[in-house]
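Peer 1: Encoded as structure tokens, here's the structure I'll be asking about.
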Amino acid sequence: MLAVAEAVIAAEPLLTDADRAIGDGDHGIGMRRGFLGVQEKLKAETPETPGAVLKVTGMALLSKTGGAAGAVFGSFFRAGGLALGDAEEIDAEGFRAFLAAGRDTVMKRGGAAEGDKTMLDALAGALSACAEAQDLRGALAAAAEGARQGAEATKTMVARFGKAKTLGERAIGHPDPGALSLAIMLQAWHESADHG
Amino acid sequence: MLAVAEAVIAAEPLLTDADRAIGDGDHGIGMRRGFLGVQEKLKAETPETPGAVLKVTGMALLSKTGGAAGAVFGSFFRAGGLALGDAEEIDAEGFRAFLAAGRDTVMKRGGAAEGDKTMLDALAGALSACAEAQDLRGALAAAAEGARQGAEATKTMVARFGKAKTLGERAIGHPDPGALSLAIMLQAWHESADHG
Amino acid sequence: MFKMKKVLNDPANVVTEMLDGLALASDGAVMRLPGLDALVRSEIADDKVALLIGGGSGHEPLFHGLIGPNLADGAAAGGVFAAPAPDLILEATKAVHRGRGVLYLYGNYAGDNMNFDIAAEMAEDEGIEVRTVRVWDDVAAAPPDRKEERRGIAGDVYMIKIAGAAAAKLDSLAAVEAVAVKARENLRSLGVAVRAGSMPETGKLTFELPDDEIEIGMGAHGEAGVSRQKLPQADALADQMMEVLLADMPLKAGDEIALLFNNLGATTFMEMLIVNRRVRAILADLGVKVHKTDMGAFVTSQEMAGFSITLLKLDAELKGYFDAPASCFAFTR
Amino acid sequence: MFKMKKVLNDPANVVTEMLDGLALASDGAVMRLPGLDALVRSEIADDKVALLIGGGSGHEPLFHGLIGPNLADGAAAGGVFAAPAPDLILEATKAVHRGRGVLYLYGNYAGDNMNFDIAAEMAEDEGIEVRTVRVWDDVAAAPPDRKEERRGIAGDVYMIKIAGAAAAKLDSLAAVEAVAVKARENLRSLGVAVRAGSMPETGKLTFELPDDEIEIGMGAHGEAGVSRQKLPQADALADQMMEVLLADMPLKAGDEIALLFNNLGATTFMEMLIVNRRVRAILADLGVKVHKTDMGAFVTSQEMAGFSITLLKLDAELKGYFDAPASCFAFTR
Ligand SMILES: Nc1ncnc2c1ncn2[C@@H]1O[C@H](COP(=O)(O)OP(=O)(O)O)[C@@H](O)[C@H]1O
Ligand SMILES: Nc1ncnc2c1ncn2[C@@H]1O[C@H](COP(=O)(O)OP(=O)(O)O)[C@@H](O)[C@H]1O
Ligand SMILES: [Mg+2]
Ligand SMILES: [Mg+2]
Ligand SMILES: [Mg+2]
Ligand SMILES: [Mg+2]
């Protein structure tokens, strides 16, 4: 998770520029603020189980990020972490449960669905790509790639939620910043699992 | 006088730029507004004597120009016109009396003197250049050239009045906009007397 | 790369330092919650229904500059253009609560909605009754049959004025909520963007707009509007904006309104006054009476140039709350 | 050539149209003198000493937006950045005169001085007694021993507030003049320029300032200040500005002041609030009490970015006039 935080923090300019194109230009700033909070909390608390790590991550994002992204990613990690209970390890099954629980909570909180040009599209891509994976490494690799494609696919969509909503057709051609963020997170998680 | 008005109105951008450099960038706009008023008044009233023409010019400038320039050039023409009494013609002597009376009034009104980087420097140049002239044409030619040199000389001066005052050394190299205006007026008067 | 010139210290601390400066400028009327990006009134009457507002920073004097008697009791300030986080809203809720419940009043944006909703659930868990009224006055953001998708823009100011006065007078949260909902039904705004503002943290412009174009209906964060066009004359622009507004909320002879010209930042009074001249001619033609005109920078987007026109239709009840004396950083009535 | 984007009709009519819009925005409190670029109160009490203000347009809401009870009785508006002409001032003088004389109060600029002086002579010819107080609060414009060469900047607002309240209360022109002179002696301002504004008629910028520099003490029309420098941090700038101000008017523990942050146009509240935080720390260190803080766009220079800090030292007499209720387009107290 610390590697994920590093990656998101490093991606600040990229995310901010994506938000400048179709939102209000603060997404990278908010995610950076949120994941700096995550780093701090994880260093201070060192939770034991994967579920606890994800829950702490969610709480930190919720309280530090602000904006739509804070509520969305905060709820996502918190609910996803809760779904893991106090399991000692995550396997492919657990990883899928995490993603699915996070998705359900985000949908309930914000009222958006797949195809509305939000991080839910990257999430849907991740979920379907890792459906068949047997182990965590395989699931992470597939999910990272699925999220990347899902984020890429948001380029063709018209936003129905968030600040890009009223852009209508003009948002076409630009990816959704939150979807990019999710793809970056999963990619970093996948890489750190492979190398660490 | 109508030719003078044309010339000043045409010089608006030049005067405005000069004022942009060391003042507030409105000198050309004000002079234009003032001399449009002069044109209107002279067409409506057709005063008979040169003194009356100059007085009407002064009154129109005073009421239409605004700013320092309105008070300065309005007082100048009004007092200068009064000095001519109801003479039917202006000769060299009369012209000098006009300039001198105008100068005295401006000095009294605004408290500036020669060397303070105002239109008074162009006026001083005009007065001394036409001191020896025998007829009006000669006086106008000499005064126009004297005013030009006087305005040129303001480039080397530090302003002590008007909005350029606090520029200090930085005003050096830039001519005074009001001095340029006077030089343009006298040049136009000289040319129209030569051609008409 | 262009970077807007701004007088700041560490860009990471803009919100906190700004709130300190705001509390100091209130000369005692308002204080910061220790360690938190929230401001509350120094004295809140016992037993009163509380009004809590909030949203992203960077729109000063909204929201945190609208705290005072007959106005809001407190405000939670998010990062620049970012909704405040739920735990901050919860702390502010606890600080203003006086036993009669708390009305949340804020602009209708995805981020604000989610964060305030999470906070409301947390507050209910602690036994504090919360009701929510989202401001959605921007007619450019969605058609009339989908009003709840519209953004909150300058109309926030009139909503806070009216809800604040109602919260000072009425004893039940539901009654205050009802007044706010009624005000919202009579409220419409439309903005025009002329030049972009910038993010203080990066100095980058929030949107791109060609040197000779404006955009009618653009949101305070650069959200797309209804029509991008070459710079028109002031009268033509006034006609166009009033046409959209009056189509959405028709006014007839004898109707009485409050009229708000909100400067998004760098627009001159001269421009808004020239537009007002035409707007008043249109209203006079219709026989509409203007009870009060407000003009100034109330809901800004940093140094963005542009302005909005807000119409609030008044009846006797709303007028009473509208006229109630009030004082805060942003204005005095 | 750069041309500032602005919402106007015919640039030649900006002043007249703006005054129409302003009279309409007053909802009856203020009216335009028919055919003239001057505004006066719709009702002026008999027998009162009259207060007439004025100057170039383009600095809205100054001057014409400061007419009202306990404020000015009328204002003569010149062209943009140009002093009004004497005959206009004379007509405004006659319109506000109620038999007790007229105080002329305006900023100390060559053009205003000459035009108001000519008008005063014309008014005296018509039997109207006139006295003049020129505002010279800008410490950057000349050293302390040549105060009468200093410009009038944001301090105009406090001068009009105090002279207006005095003119409503006292019966003699000389007594009102004395109060205004006393206020001026206790008044100091210093500004900083960040970006240029533009002339509405031409769209051209009023001065040039490099993209990474500011100028302390620059006048509202681009007149040179005391120091041009690289953009400093907000705290360092506050320190520098307060040092100059306090050197000019030393304050000691127990002194009480009013503190005005004036936005020249496009500066954000965020920036001024962050500066205020430091200014208050400096004043607190000295033991100086702040009676009231005002912050906003009162004396602008179109969309120029920059702001000024004004200190007004109060005693019991000045405080009474300062606190007197007042309402006008620019503010309500
Ligand atoms: N209702 C929603 N459901 C899911 N994701 C959302 C929703 N609204 C916004 N988002 C996500 O949040 C991102 C914007 O985050 P950010 O820029 O930080 O917040 P804000 O929109 O408040 O400025 C969008 O790109 C989108 O992916
Ligand atoms: N006291 C004075 N005596 C003589 N001329 C003056 C004085 N003050 C200003 N001027 C003249 O007026 C000119 C400026 O005119 P203008 O730009 O129209 O007025 P303002 O300074 O009010 O903007 C200066 O260039 C100078 O020649
Ligand atoms: Mg955003
Ligand atoms: Mg000038
Ligand atoms: Mg945002
Ligand atoms: Mg001028």
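Ordering of the structure tokens sets the chain letters (A, B, ...); residue numbers start at 1 within each chain; ligands are numbered from 1 in the order shown.
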Would you superpose chain A on chain B, least squares on all C-alpha atoms in order, and hand back the fitted chain as a tab-separated table (two decimals) with C-alpha atoms, in the first residue's frame?
Peer 2:
```
chain	number	residue	atom	x	y	z
A	1	MET	CA	-8.37	76.22	-34.84
A	2	LEU	CA	-10.42	73.50	-36.58
A	3	ALA	CA	-7.18	72.27	-38.15
A	4	VAL	CA	-5.59	72.21	-34.72
A	5	ALA	CA	-8.50	70.17	-33.45
A	6	GLU	CA	-8.14	67.71	-36.35
A	7	ALA	CA	-4.45	67.27	-35.66
A	8	VAL	CA	-4.87	66.68	-31.93
A	9	ILE	CA	-7.73	64.24	-32.49
A	10	ALA	CA	-5.63	62.37	-35.06
A	11	ALA	CA	-2.73	62.20	-32.61
A	12	GLU	CA	-4.77	60.35	-29.96
A	13	PRO	CA	-2.84	57.04	-30.06
A	14	LEU	CA	0.53	58.80	-29.95
A	15	LEU	CA	-0.46	60.93	-26.95
A	16	THR	CA	-2.07	58.02	-25.15
A	17	ASP	CA	1.04	55.90	-25.57
A	18	ALA	CA	3.23	58.74	-24.26
A	19	ASP	CA	0.96	58.93	-21.19
A	20	ARG	CA	1.03	55.16	-20.81
A	21	ALA	CA	4.81	55.35	-20.49
A	22	ILE	CA	4.92	57.89	-17.68
A	23	GLY	CA	1.31	58.66	-16.70
A	24	ASP	CA	-2.00	56.84	-16.66
A	25	GLY	CA	-2.53	56.36	-20.38
A	26	ASP	CA	-5.50	58.67	-20.85
A	27	HIS	CA	-3.99	61.85	-22.25
A	28	GLY	CA	-4.86	61.17	-25.88
A	29	ILE	CA	-8.37	60.10	-24.94
A	30	GLY	CA	-8.95	63.28	-22.96
A	31	MET	CA	-7.51	65.58	-25.63
A	32	ARG	CA	-9.61	63.86	-28.25
A	33	ARG	CA	-12.75	64.31	-26.15
A	34	GLY	CA	-11.82	67.95	-25.54
A	35	PHE	CA	-11.12	68.86	-29.17
A	36	LEU	CA	-14.23	67.07	-30.39
A	37	GLY	CA	-15.99	69.47	-28.02
A	38	VAL	CA	-14.03	72.37	-29.52
A	39	GLN	CA	-15.08	71.40	-33.06
A	40	GLU	CA	-18.70	71.21	-32.02
A	41	LYS	CA	-18.66	74.55	-30.20
A	42	LEU	CA	-16.83	76.39	-32.98
A	43	LYS	CA	-19.21	75.05	-35.60
A	44	ALA	CA	-22.21	76.06	-33.49
A	45	GLU	CA	-21.02	79.47	-32.34
A	46	THR	CA	-18.67	80.82	-35.07
A	47	PRO	CA	-17.07	83.51	-32.89
A	48	GLU	CA	-15.82	86.54	-34.82
A	49	THR	CA	-12.46	87.64	-33.44
A	50	PRO	CA	-9.33	85.47	-32.95
A	51	GLY	CA	-9.52	86.21	-29.22
A	52	ALA	CA	-13.09	84.94	-29.13
A	53	VAL	CA	-12.14	81.78	-31.04
A	54	LEU	CA	-9.39	81.04	-28.54
A	55	LYS	CA	-11.65	81.78	-25.59
A	56	VAL	CA	-14.36	79.46	-26.88
A	57	THR	CA	-11.68	76.84	-27.46
A	58	GLY	CA	-10.53	77.22	-23.87
A	59	MET	CA	-14.05	76.97	-22.48
A	60	ALA	CA	-14.78	73.85	-24.53
A	61	LEU	CA	-11.53	72.20	-23.44
A	62	LEU	CA	-12.22	73.09	-19.84
A	63	SER	CA	-15.63	71.53	-19.87
A	64	LYS	CA	-15.03	68.49	-22.08
A	65	THR	CA	-11.48	67.24	-21.54
A	66	GLY	CA	-11.30	66.53	-17.83
A	67	GLY	CA	-8.10	65.46	-16.12
A	68	ALA	CA	-5.07	67.69	-15.64
A	69	ALA	CA	-5.01	68.44	-19.35
A	70	GLY	CA	-8.52	69.90	-19.33
A	71	ALA	CA	-7.68	72.39	-16.62
A	72	VAL	CA	-4.26	73.18	-18.08
A	73	PHE	CA	-5.13	73.59	-21.76
A	74	GLY	CA	-8.56	75.00	-21.01
A	75	SER	CA	-7.08	77.71	-18.79
A	76	PHE	CA	-4.30	78.28	-21.30
A	77	PHE	CA	-6.55	78.99	-24.28
A	78	ARG	CA	-9.12	80.87	-22.26
A	79	ALA	CA	-6.63	83.22	-20.62
A	80	GLY	CA	-4.61	83.55	-23.83
A	81	GLY	CA	-7.75	84.43	-25.75
A	82	LEU	CA	-8.77	87.01	-23.16
A	83	ALA	CA	-5.35	88.65	-23.58
A	84	LEU	CA	-6.14	89.32	-27.24
A	85	GLY	CA	-9.14	91.44	-26.37
A	86	ASP	CA	-11.36	92.06	-29.40
A	87	ALA	CA	-8.57	92.64	-31.93
A	88	GLU	CA	-9.66	91.73	-35.46
A	89	GLU	CA	-6.37	90.00	-36.37
A	90	ILE	CA	-3.44	88.44	-34.54
A	91	ASP	CA	0.02	89.72	-35.33
A	92	ALA	CA	3.34	88.44	-33.96
A	93	GLU	CA	3.01	90.65	-30.94
A	94	GLY	CA	-0.49	89.42	-30.22
A	95	PHE	CA	0.58	85.84	-30.63
A	96	ARG	CA	3.34	86.31	-28.07
A	97	ALA	CA	0.89	88.00	-25.70
A	98	PHE	CA	-1.44	85.02	-26.09
A	99	LEU	CA	1.30	82.52	-25.25
A	100	ALA	CA	2.58	84.56	-22.32
A	101	ALA	CA	-0.85	85.14	-20.77
A	102	GLY	CA	-1.64	81.44	-21.14
A	103	ARG	CA	1.63	80.52	-19.51
A	104	ASP	CA	1.06	82.78	-16.53
A	105	THR	CA	-2.39	81.38	-15.89
A	106	VAL	CA	-1.23	77.77	-16.13
A	107	MET	CA	1.62	78.48	-13.73
A	108	LYS	CA	-0.73	80.11	-11.28
A	109	ARG	CA	-3.31	77.34	-11.54
A	110	GLY	CA	-1.04	74.34	-11.24
A	111	GLY	CA	2.00	75.65	-9.40
A	112	ALA	CA	4.48	74.17	-11.89
A	113	ALA	CA	7.35	76.05	-13.54
A	114	GLU	CA	9.70	75.55	-16.46
A	115	GLY	CA	11.80	72.41	-16.02
A	116	ASP	CA	9.09	70.44	-14.19
A	117	LYS	CA	8.38	68.25	-17.23
A	118	THR	CA	4.99	69.63	-18.24
A	119	MET	CA	3.50	71.41	-21.23
A	120	LEU	CA	5.10	74.56	-19.78
A	121	ASP	CA	8.44	73.39	-21.17
A	122	ALA	CA	7.09	73.20	-24.71
A	123	LEU	CA	5.46	76.57	-24.12
A	124	ALA	CA	8.71	78.12	-22.93
A	125	GLY	CA	10.44	76.75	-26.04
A	126	ALA	CA	7.73	78.26	-28.24
A	127	LEU	CA	7.90	81.65	-26.52
A	128	SER	CA	11.64	82.09	-26.74
A	129	ALA	CA	11.79	80.83	-30.35
A	130	CYS	CA	9.26	83.37	-31.61
A	131	ALA	CA	10.60	86.32	-29.62
A	132	GLU	CA	12.11	87.98	-32.69
A	133	ALA	CA	9.48	87.09	-35.30
A	134	GLN	CA	8.04	89.98	-37.27
A	135	ASP	CA	4.78	88.58	-38.56
A	136	LEU	CA	2.30	85.91	-37.50
A	137	ARG	CA	3.49	83.37	-40.08
A	138	GLY	CA	7.06	83.71	-38.91
A	139	ALA	CA	6.01	83.59	-35.27
A	140	LEU	CA	3.94	80.44	-35.82
A	141	ALA	CA	6.74	78.69	-37.68
A	142	ALA	CA	9.27	79.57	-35.01
A	143	ALA	CA	6.92	78.70	-32.13
A	144	ALA	CA	6.04	75.33	-33.64
A	145	GLU	CA	9.70	74.45	-33.94
A	146	GLY	CA	10.46	75.85	-30.48
A	147	ALA	CA	7.65	73.82	-28.92
A	148	ARG	CA	8.88	70.67	-30.65
A	149	GLN	CA	12.34	71.21	-29.19
A	150	GLY	CA	10.89	72.08	-25.80
A	151	ALA	CA	8.86	68.87	-25.80
A	152	GLU	CA	11.93	66.94	-26.90
A	153	ALA	CA	13.85	68.46	-24.01
A	154	THR	CA	11.31	67.11	-21.48
A	155	LYS	CA	12.80	63.69	-22.19
A	156	THR	CA	15.75	64.60	-20.03
A	157	MET	CA	13.65	65.90	-17.15
A	158	VAL	CA	12.32	64.41	-13.94
A	159	ALA	CA	8.64	65.21	-13.42
A	160	ARG	CA	7.60	67.23	-10.39
A	161	PHE	CA	3.87	67.47	-11.17
A	162	GLY	CA	1.13	65.20	-12.44
A	163	LYS	CA	1.00	61.45	-12.42
A	164	ALA	CA	4.59	60.97	-13.54
A	165	LYS	CA	5.84	62.73	-10.41
A	166	THR	CA	6.71	59.63	-8.41
A	167	LEU	CA	8.45	57.98	-11.36
A	168	GLY	CA	11.54	59.99	-10.51
A	169	GLU	CA	14.53	58.97	-12.62
A	170	ARG	CA	12.45	56.38	-14.44
A	171	ALA	CA	10.62	59.11	-16.39
A	172	ILE	CA	13.87	60.09	-18.03
A	173	GLY	CA	13.96	59.20	-21.71
A	174	HIS	CA	10.21	59.72	-22.13
A	175	PRO	CA	8.73	63.01	-23.35
A	176	ASP	CA	5.91	64.69	-21.41
A	177	PRO	CA	2.56	63.95	-23.11
A	178	GLY	CA	1.15	67.45	-22.50
A	179	ALA	CA	4.26	69.01	-24.01
A	180	LEU	CA	3.83	66.82	-27.09
A	181	SER	CA	0.21	67.98	-27.33
A	182	LEU	CA	1.18	71.64	-27.33
A	183	ALA	CA	3.81	71.01	-29.99
A	184	ILE	CA	1.24	69.24	-32.16
A	185	MET	CA	-1.22	72.11	-31.74
A	186	LEU	CA	1.26	74.79	-32.71
A	187	GLN	CA	2.55	72.72	-35.63
A	188	ALA	CA	-0.99	72.28	-36.98
A	189	TRP	CA	-1.76	75.99	-36.52
A	190	HIS	CA	1.44	76.88	-38.34
A	191	GLU	CA	0.68	74.52	-41.23
A	192	SER	CA	-2.90	75.67	-41.64
A	193	ALA	CA	-1.79	79.32	-41.62
A	194	ASP	CA	0.80	78.53	-44.31
A	195	HIS	CA	-1.62	76.63	-46.52
A	196	GLY	CA	-4.86	78.45	-45.86
```
Peer 1: I'd like the neighbourhood of Met199 (chain C) as a list in words, where a residue qualifies if any of its atoms comes within 8 Å (using only C-alpha atoms), though same-chain residues fewer than 5 positions away should be ignored.
Peer 2: Gly25 and Asp26 of chain A; Val80, Lys204, Leu205, Thr206 and Gln302 of chain C
Peer 1: Would you give me, as a tab-separated table, each residue of chain D having an atom within 12 Å of an atom of ligand 6, along with its shortest atom pair and that distance in Å to one decimal, using only C-alpha atoms and all ligand atoms and sorting by chain and residue number?
Peer 2:
```
residue	atom	partner	partner_atom_place_in_ligand_line	distance
D:Gly55	CA	ligand 6	1 (Mg)	9.5
D:Gly56	CA	ligand 6	1 (Mg)	7.0
D:Ser57	CA	ligand 6	1 (Mg)	9.4
D:Gly58	CA	ligand 6	1 (Mg)	10.3
D:His59	CA	ligand 6	1 (Mg)	11.6
D:Gly78	CA	ligand 6	1 (Mg)	9.2
D:Gly79	CA	ligand 6	1 (Mg)	8.2
D:Val80	CA	ligand 6	1 (Mg)	7.2
D:Phe81	CA	ligand 6	1 (Mg)	4.2
D:Ala82	CA	ligand 6	1 (Mg)	3.8
D:Ala83	CA	ligand 6	1 (Mg)	6.6
D:Pro84	CA	ligand 6	1 (Mg)	10.0
D:Tyr109	CA	ligand 6	1 (Mg)	9.0
D:Ala110	CA	ligand 6	1 (Mg)	9.3
D:Gly111	CA	ligand 6	1 (Mg)	7.3
D:Asp112	CA	ligand 6	1 (Mg)	9.2
D:Met199	CA	ligand 6	1 (Mg)	10.5
D:Thr206	CA	ligand 6	1 (Mg)	10.8
D:Ala220	CA	ligand 6	1 (Mg)	10.6
D:His221	CA	ligand 6	1 (Mg)	7.9
D:Gly222	CA	ligand 6	1 (Mg)	10.8
D:Glu223	CA	ligand 6	1 (Mg)	11.0
D:Ser301	CA	ligand 6	1 (Mg)	11.8
```
Peer 1: What gap, in Å, lies between CA of Val244 (chain C) and atom 1 (N, counted along the ligand's line) of ligand 1?
Peer 2: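 Answer for the CA of Val244 (chain C) to atom 1 (N, counted along the ligand's line) of ligand 1 separation: 28.1 Å.
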Peer 1: Run DSSP on the backbone of this structure and report the residues of region 73-169 of chain D it assigns to helix (DSSP H, G or I), as a ChimeraX atom specification.
Peer 2: /D:86-96,110-125,144-149,155-169
Peer 1: How many Å lie between CA of Lys5 (chain C) and CA of Ala154 (chain C), rounded to one decimal?
Peer 2: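 Atom-to-atom, CA of Lys5 (chain C) and CA of Ala154 (chain C) are spaced 25.9 Å apart.
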Peer 1: Could you pull out the residues in region 113-262 of chain C that DSSP calls strand (DSSP E) from the backbone, as a PyMOL selection string?
Peer 2: chain C and resi 130-135+187-195+213-216+227-230+256-262
